[in-house]
Amino acid sequence: MSLSYSEKITESGPLWRTLFIQPGLPESLKGLQKLSRNLWMSWNINAIELFEFIDKGLWERCHFNPVLFLRTLSYERIEELQADTKFITRLNEVEKIFDAYMAAPMQYPAPGIAYFSMEYGLTNYLRLYSGGLGILAGDYLKEASDMGVNINAVGLLYKNGYFKQHFTTNGEQIAGNDDQDFSTLPLELVKNKNGDPLLTSLPFPGRDVFAQVWKLSIGRINLYLLDTCVAENNADDKFITSKLYGGNSETRLQQELFLGIGGIQALKALDIHPNVYHCNEGHAAFIGIERISNLRDNYGLSYDEALEIVRSSTLFTTHTAVPAANDVFYEDMLRAYLSHKIKYFDDNWSKFMSLGQTGQNQNDQSFSMPYLAAHISKEINGVSKIHKFVSQDLFNVLWPDFKPGELHIGSITNGVHYSTWTAREWQNVHKQTISKDYIKMLADTKAWQKIHTVPDNTVWEIRKNLKRKLVSAIKTKLSDNLPSNESPKKVIDIISNLDENSLIIGFARRFVTYKRSDLLFLDVERLLKIVSHTDKPVQFLFAGKAHPNDQASIDMIKRVIQLSGLPEYKNRIIYLEEYDMELASLLVQGVDVWLNTPNRLMEASGTSGMKASMNGVLNFSVLDGWWAEGYTREVGWAIKEEITYQRQDFQDQLDAETIYNIIESKIVPLYYNLNEDGIPEKWIKKIKSCIADITPAFSMTRMLDEYRDIYYNKLGDRVAKLRQNDFESVKTITAWKAKVVEQWPNVVPVNIEVVDREHDQTQLGKSFTVRATIKTGNLTVNDIGVEVIFLNKNPLRHSEELYLNKEFTLVNAQDDGTAVYECELALNDSGNYEYSYRIFAKHPLLAHRQDLPLIKWI
């Protein structure tokens with residue numbers, strides 16, 4: 001039977017018609033389709049090599065996107081594969097590995113976690129990220145899948161990604177569109193029970209706005225992405241989720257409302273009911289508003305009771321080190337979008353606004369998302385040990401009666417997903433040297449010391465091979481896509497000067513001014529001397545994007561490009577266009593040294609240096625963020641942590657001189673100190689120490705272990721107890737808090753007496769007693785505590801820090817409400833201290849002191 005159709009033929013010229021060829025695979029190759037729909041294959045070597053075998057050139061041209069790759073694969077090649085029994089066997093083996101991985105029971109099924117992030121860096125072809133925050137979130141979900149941690153993640157799906165970076169001839173950054181074709185991505189549109197797209201909706205001014213939900217499978221973890229580009233929305237609203245961090249302040253608010261409120265709606269519609277909620281930065285803090293609404297609607301709880309449940313089950317991870325990096329919205333805009341929620345705040349708009357404010361200024365009309373996140377979270381953490389102290393300083397304004405060091409803000413230092421970022425050459429060595437199951441031993445510090453047994457020539461060959469790949473990829477990138485800011489002749493000169501035998505130093509990251517990307521160029525003559533050495537050549541590779549609205553950072557890129565292009569440098573310093581995950585992977589695997597020069601206390605953590613270390617790349621950085629914890633002389637070089645000058649220009653000059661000196665006197669001589677076999681033995685010793693020490697300490701395995709043990713389990717246990725017996729404990733603690741707040745003005749200090757001490761001095765180690773008499777009013781002696789705190793100066797941070805706080809013991813309680821407390825003290829360190837006494841609220845159900853931050857100073 002034949003099919004035919006007829007058309008009226010015209011004489012007006014060619015009539016172009018559209019014919020779509022539906023892609024398809026024969027039954028024997030269906031496993032390829034299954035693998036392509038799950039991001040597991042992006043970090044599994046067996047799966048990657050399987051697709052490479054099919055057509056390596058096409059695989060690279062598709063930027064390792066398996067969905068696009070299969071769509072583009074020729075019919076002839078499909079026929080060849082179908083007839084290749086060895087390939088079919090290999091495919092079946094990989095599919096079997098995948099099926100076993102997916103079928104393995106979740107190792108940590110409880111508590112169930114909901115993870116919210118504005119961005120996710122999962123693969124290069126999924127444009128859902130701008131920088132380190134997103135890359136970390138992507139690594140986190142991959143590790144959760146590997147470890148079997150029960151996480152469901154929520155984000156937004158950006159049709160136009162972040163932006164494509166181009167440069168003008170004078171080095172000005174141009175932000176181009178970075179459009180995504182969803183049909184070529186491993187996305188699944190979530191349907192409701194009727195088979196229609198699942199929609200969430202939010203009431204915006206004058207209309208309802210809708211978002212459909214897509215599912216992205218990341219191994220055993222699901223990421224749900226909201227997308228407002230649906231027919232039900234008007235033209236403007238379709239673009240709410242079009243671009244990451246795009247638009248104006250109102251667009252940003254709309255995005256964060258969909259991430260937080262819409263995200264909670266989506267989980268509810270999917271019948272997913274987590275125990276613990278994790279805000280990765282403050283962008284998602286509106287989850288607290290929607291959860292309060294749901295708790296009040298579903299269980300008839302009061303506002304305070306609902307807030308208690310929300311706070312007891314929420315973790316807020318802050319990544320910023322400066323207030324300017326935080327989202328702030330203003331009251332008029334918030335009223336327009338959230339006035340319908342005020343009934344859940346007892347019709348008290350001020351009660352809602354207080355969640356995003358410090359409470360220090362009654363005329364304040366701003367609303368901070370990090371403050372909201374802090375107020376809806378019992379647990380808060382920074383992302384390195386130093387960042388903990390920075391975060392305590394930043395959020396001290398919310399709890400001004402406490403010193404920063406007293407705040408219940410912890411830290412978990414970031415990590416990276418080993419299988420994503422470690423070159424397969426190294427993975428093969430680790431498998432042979434450590435164990436066949438080395439991937440399950442990523443946190444085993446002892447096992448990783450076996451790296452020291454790897455022969456030097458093996459290490460050196462891997463390093464040379466990875467650098468060769470980097471140089472080759474850069475040459476291809478430059479020749480295939482001529483940079484818009486360089487002449488063809490200049491590009492040819494750059495390509496010809498790229499030398500895989502040179503010492504190559506890399507500097508690649510999100511460009512913001514505090515990272516001081518131009519520090520290297522402070523002394524042009526000194527830098528020229530370093531890069532012009534003929535016997536010991538040095539080359540620098542720069543890459544990075546600045547946010548399109550951050551003009552100061554855009555100007556810094558321009559300055560770096562213009563300086564690196566000076567003729568006297570002879571193309572030994574190169575700025576690479578369009579920094580993305582693909583280029584980042586090549587750089588952290590291929591350069592010799594990873595340079596980082598942030599202003600001190602400004603680098604929350606940083607993770608690119610961890611990725612470099614896992615590939616045997618030595619770090620050279622300011623002792624800030626993670627490097628303050630990872631640095632030893634055996635694994636790299638450091639610029640000291642202490643600030644020498646308060647004038648930034650003087651500090652920059654000093655740091656630049658330090659960089660030049662260390663490169664000239666330590667790094668270059670060590671790299672070029674070769675033995676008779678042409679191998680730099682001392683350099684390789686550092687490489688081995690770098691891999692052995694850094695990998696287990698800064699793997700995502702260690703990081704997720706800590707989140708689970710320190711936060712998830714604690715929050716899960718707490719909220720489970722609070723929900724028991726119709727929220728009995730919630731009602732108890734909220735009623736107690738209300739009573740204490742009401743009666744707190746009636747708590748009066750009567751007398752403070754120091755026994756066995758003369759005036760304002762005492763001998764080292766000698767004990768003395770302090771006695772405090774308090775009128776408790778209508779409260780009991782169990783409702784309050786008394787303590788003394790001592791402060792001393794930290795010369796490094798130029799601030800007062802908590803030296804000691806000690807609680808008094810109740811020694812006498814009288815019927816008239818008079819209570820006597822005593823404390824025995826002995827100071828074991830000499831010096832000058834400041835001290836004071838204070839009364840605080842006390843209850844066994846309080847999670848920590850900021851849970852009810854009532855303080856009365858004596």
# chains A, B, ... in the order shown; residues from 1 in each chain; ligands from 1
>>> select_by_dssp(residues="stretch 15-181 of chain A", states="alpha helix (DSSP H)", output="VMD selection string")
chain A and resid 30 to 36 45 to 54 56 to 61 66 to 72 75 to 83 85 to 103 132 to 147
>>> atom_distance(atom1="atom CA of A:Tyr299", atom2="atom CA of A:Tyr337")
25.2 Å
>>> residues_around(residues="A:Asp535", least_positions_apart="2", cutoff="12 Å", atoms="only C-alpha atoms", output="count of residues only")
13
>>> select_by_dssp(residues="stretch 504-599 of chain A", states="strand (DSSP E)", output="PyMOL selection string")
chain A and resi 504-508+538-543+573-576+593-596
>>> residues_around(residues="A:Leu270", least_positions_apart="3", cutoff="9 Å", atoms="only C-alpha atoms", output="list in words")
Asn192, Leu198, Gln265, Ala266, Leu267 and His273 of chain A
>>> residues_around(residues="A:Leu307", least_positions_apart="5", cutoff="12 Å", atoms="only C-alpha atoms", output="number ranges by chain")
A: 287-296, 301-302, 312-314, 344-345, 351-352, 355, 372, 375-378, 719, 730-731, 733-734, 851
>>> write_last_selection(atoms="C-alpha atoms", output="short mmCIF file (atom, residue, chain, number, x, y, z; two decimals), in the first residue's frame")
data_model
loop_
_atom_site.label_atom_id
_atom_site.label_comp_id
_atom_site.auth_asym_id
_atom_site.auth_seq_id
_atom_site.Cartn_x
_atom_site.Cartn_y
_atom_site.Cartn_z
CA ILE A 287 10.03 28.57 51.19
CA GLY A 288 9.46 29.62 54.81
CA ILE A 289 6.51 31.83 53.87
CA GLU A 290 4.76 29.05 51.95
CA ARG A 291 5.47 26.45 54.61
CA ILE A 292 3.98 28.69 57.32
CA SER A 293 0.87 29.07 55.12
CA ASN A 294 0.56 25.32 54.62
CA LEU A 295 1.08 24.47 58.28
CA ARG A 296 -1.58 26.93 59.36
CA LEU A 301 -1.47 26.05 64.06
CA SER A 302 -0.89 29.59 65.23
CA SER A 312 13.19 23.57 63.45
CA SER A 313 13.42 21.87 60.06
CA THR A 314 15.39 24.42 57.99
CA TYR A 344 -1.00 33.91 57.76
CA PHE A 345 0.86 36.57 59.75
CA LYS A 351 5.29 40.80 61.51
CA PHE A 352 6.04 39.69 57.96
CA LEU A 355 11.54 38.43 59.11
CA LEU A 372 14.71 36.04 56.02
CA HIS A 375 15.05 34.01 60.69
CA ILE A 376 13.36 30.88 59.31
CA SER A 377 16.32 28.57 60.10
CA LYS A 378 17.39 27.01 63.39
CA VAL A 719 11.13 18.18 63.92
CA VAL A 730 5.60 22.93 69.62
CA LYS A 731 2.69 24.27 71.61
CA ILE A 733 7.71 25.88 73.64
CA THR A 734 5.76 28.61 71.83
CA ASP A 851 16.34 30.62 69.60
#
>>> atom_distance(atom1="atom CA of A:Asn792", atom2="atom CA of A:Gly831")
8.3 Å
>>> closest_residue(among="A:Ser217, A:Lys558, A:Gly161, A:Gln82", to="A:Ser36", atoms="only C-alpha atoms")
A:Ser217
>>> atom_distance(atom1="atom CA of A:Ile309", atom2="atom CA of A:His283")
20.5 Å
>>> closest_atom_pairs(of="stretch 48-163 of chain A", to="stretch 697-700 of chain A", cutoff="10 Å", atoms="only C-alpha atoms", output="JSON lines")
{"residue": "A:Leu136", "atom": "CA", "partner": "A:Met700", "partner_atom": "CA", "distance": 9.0}
{"residue": "A:Asp139", "atom": "CA", "partner": "A:Met700", "partner_atom": "CA", "distance": 7.2}
{"residue": "A:Tyr140", "atom": "CA", "partner": "A:Met700", "partner_atom": "CA", "distance": 6.7}
{"residue": "A:Leu141", "atom": "CA", "partner": "A:Met700", "partner_atom": "CA", "distance": 9.8}
{"residue": "A:Lys142", "atom": "CA", "partner": "A:Met700", "partner_atom": "CA", "distance": 9.1}
{"residue": "A:Glu143", "atom": "CA", "partner": "A:Met700", "partner_atom": "CA", "distance": 6.4}
{"residue": "A:Ala144", "atom": "CA", "partner": "A:Met700", "partner_atom": "CA", "distance": 9.1}
>>> closest_residue(among="A:Thr534, A:Thr85, A:Asn348, A:His278", to="A:Tyr303", atoms="only C-alpha atoms")
A:Asn348
>>> closest_residue(among="A:Tyr569, A:Tyr712, A:Trp460, A:Phe727", to="A:Leu674", atoms="only C-alpha atoms")
A:Trp460
>>> residues_around(residues="stretch 53-59 of chain A", least_positions_apart="5", cutoff="12 Å", atoms="only C-alpha atoms", output="ChimeraX atom specification")
/A:29,32,46-48,64-74,76-82,84,86-88,90-91
>>> closest_residue(among="A:Asn615, A:Asn497, A:Gln449, A:Gln255", to="A:Lys475", atoms="only C-alpha atoms")
A:Asn497
>>> residues_around(residues="A:Lys842", least_positions_apart="5", cutoff="8 Å", atoms="only C-alpha atoms", output="list in words")
Asn782, Asp783, Ile784 and Gly785 of chain A
>>> closest_residue(among="A:Gly636, A:Gly132, A:Gly260, A:Gly410", to="A:Met369", atoms="only C-alpha atoms")
A:Gly260
>>> closest_residue(among="A:Val230, A:Ile789, A:Val740, A:Ala285", to="A:Gly777", atoms="only C-alpha atoms")
A:Val740
>>> closest_atom_pairs(of="stretch 350-382 of chain A", to="stretch 392-408 of chain A", cutoff="10 Å", atoms="only C-alpha atoms", output="JSON lines")
{"residue": "A:Gly356", "atom": "CA", "partner": "A:Leu398", "partner_atom": "CA", "distance": 9.9}
{"residue": "A:Gln357", "atom": "CA", "partner": "A:Leu398", "partner_atom": "CA", "distance": 7.9}
{"residue": "A:Thr358", "atom": "CA", "partner": "A:Leu398", "partner_atom": "CA", "distance": 5.0}
{"residue": "A:Gly359", "atom": "CA", "partner": "A:Leu398", "partner_atom": "CA", "distance": 7.5}
{"residue": "A:Gln360", "atom": "CA", "partner": "A:Val397", "partner_atom": "CA", "distance": 8.2}
{"residue": "A:Pro370", "atom": "CA", "partner": "A:Phe395", "partner_atom": "CA", "distance": 8.9}
{"residue": "A:Tyr371", "atom": "CA", "partner": "A:Leu398", "partner_atom": "CA", "distance": 7.8}
{"residue": "A:Ala374", "atom": "CA", "partner": "A:Phe395", "partner_atom": "CA", "distance": 8.3}
{"residue": "A:His375", "atom": "CA", "partner": "A:Leu398", "partner_atom": "CA", "distance": 8.8}
{"residue": "A:Lys378", "atom": "CA", "partner": "A:His408", "partner_atom": "CA", "distance": 8.7}
{"residue": "A:Glu379", "atom": "CA", "partner": "A:His408", "partner_atom": "CA", "distance": 7.3}
{"residue": "A:Ile380", "atom": "CA", "partner": "A:His408", "partner_atom": "CA", "distance": 7.2}
{"residue": "A:Asn381", "atom": "CA", "partner": "A:His408", "partner_atom": "CA", "distance": 8.6}
{"residue": "A:Gly382", "atom": "CA", "partner": "A:Gln392", "partner_atom": "CA", "distance": 8.8}
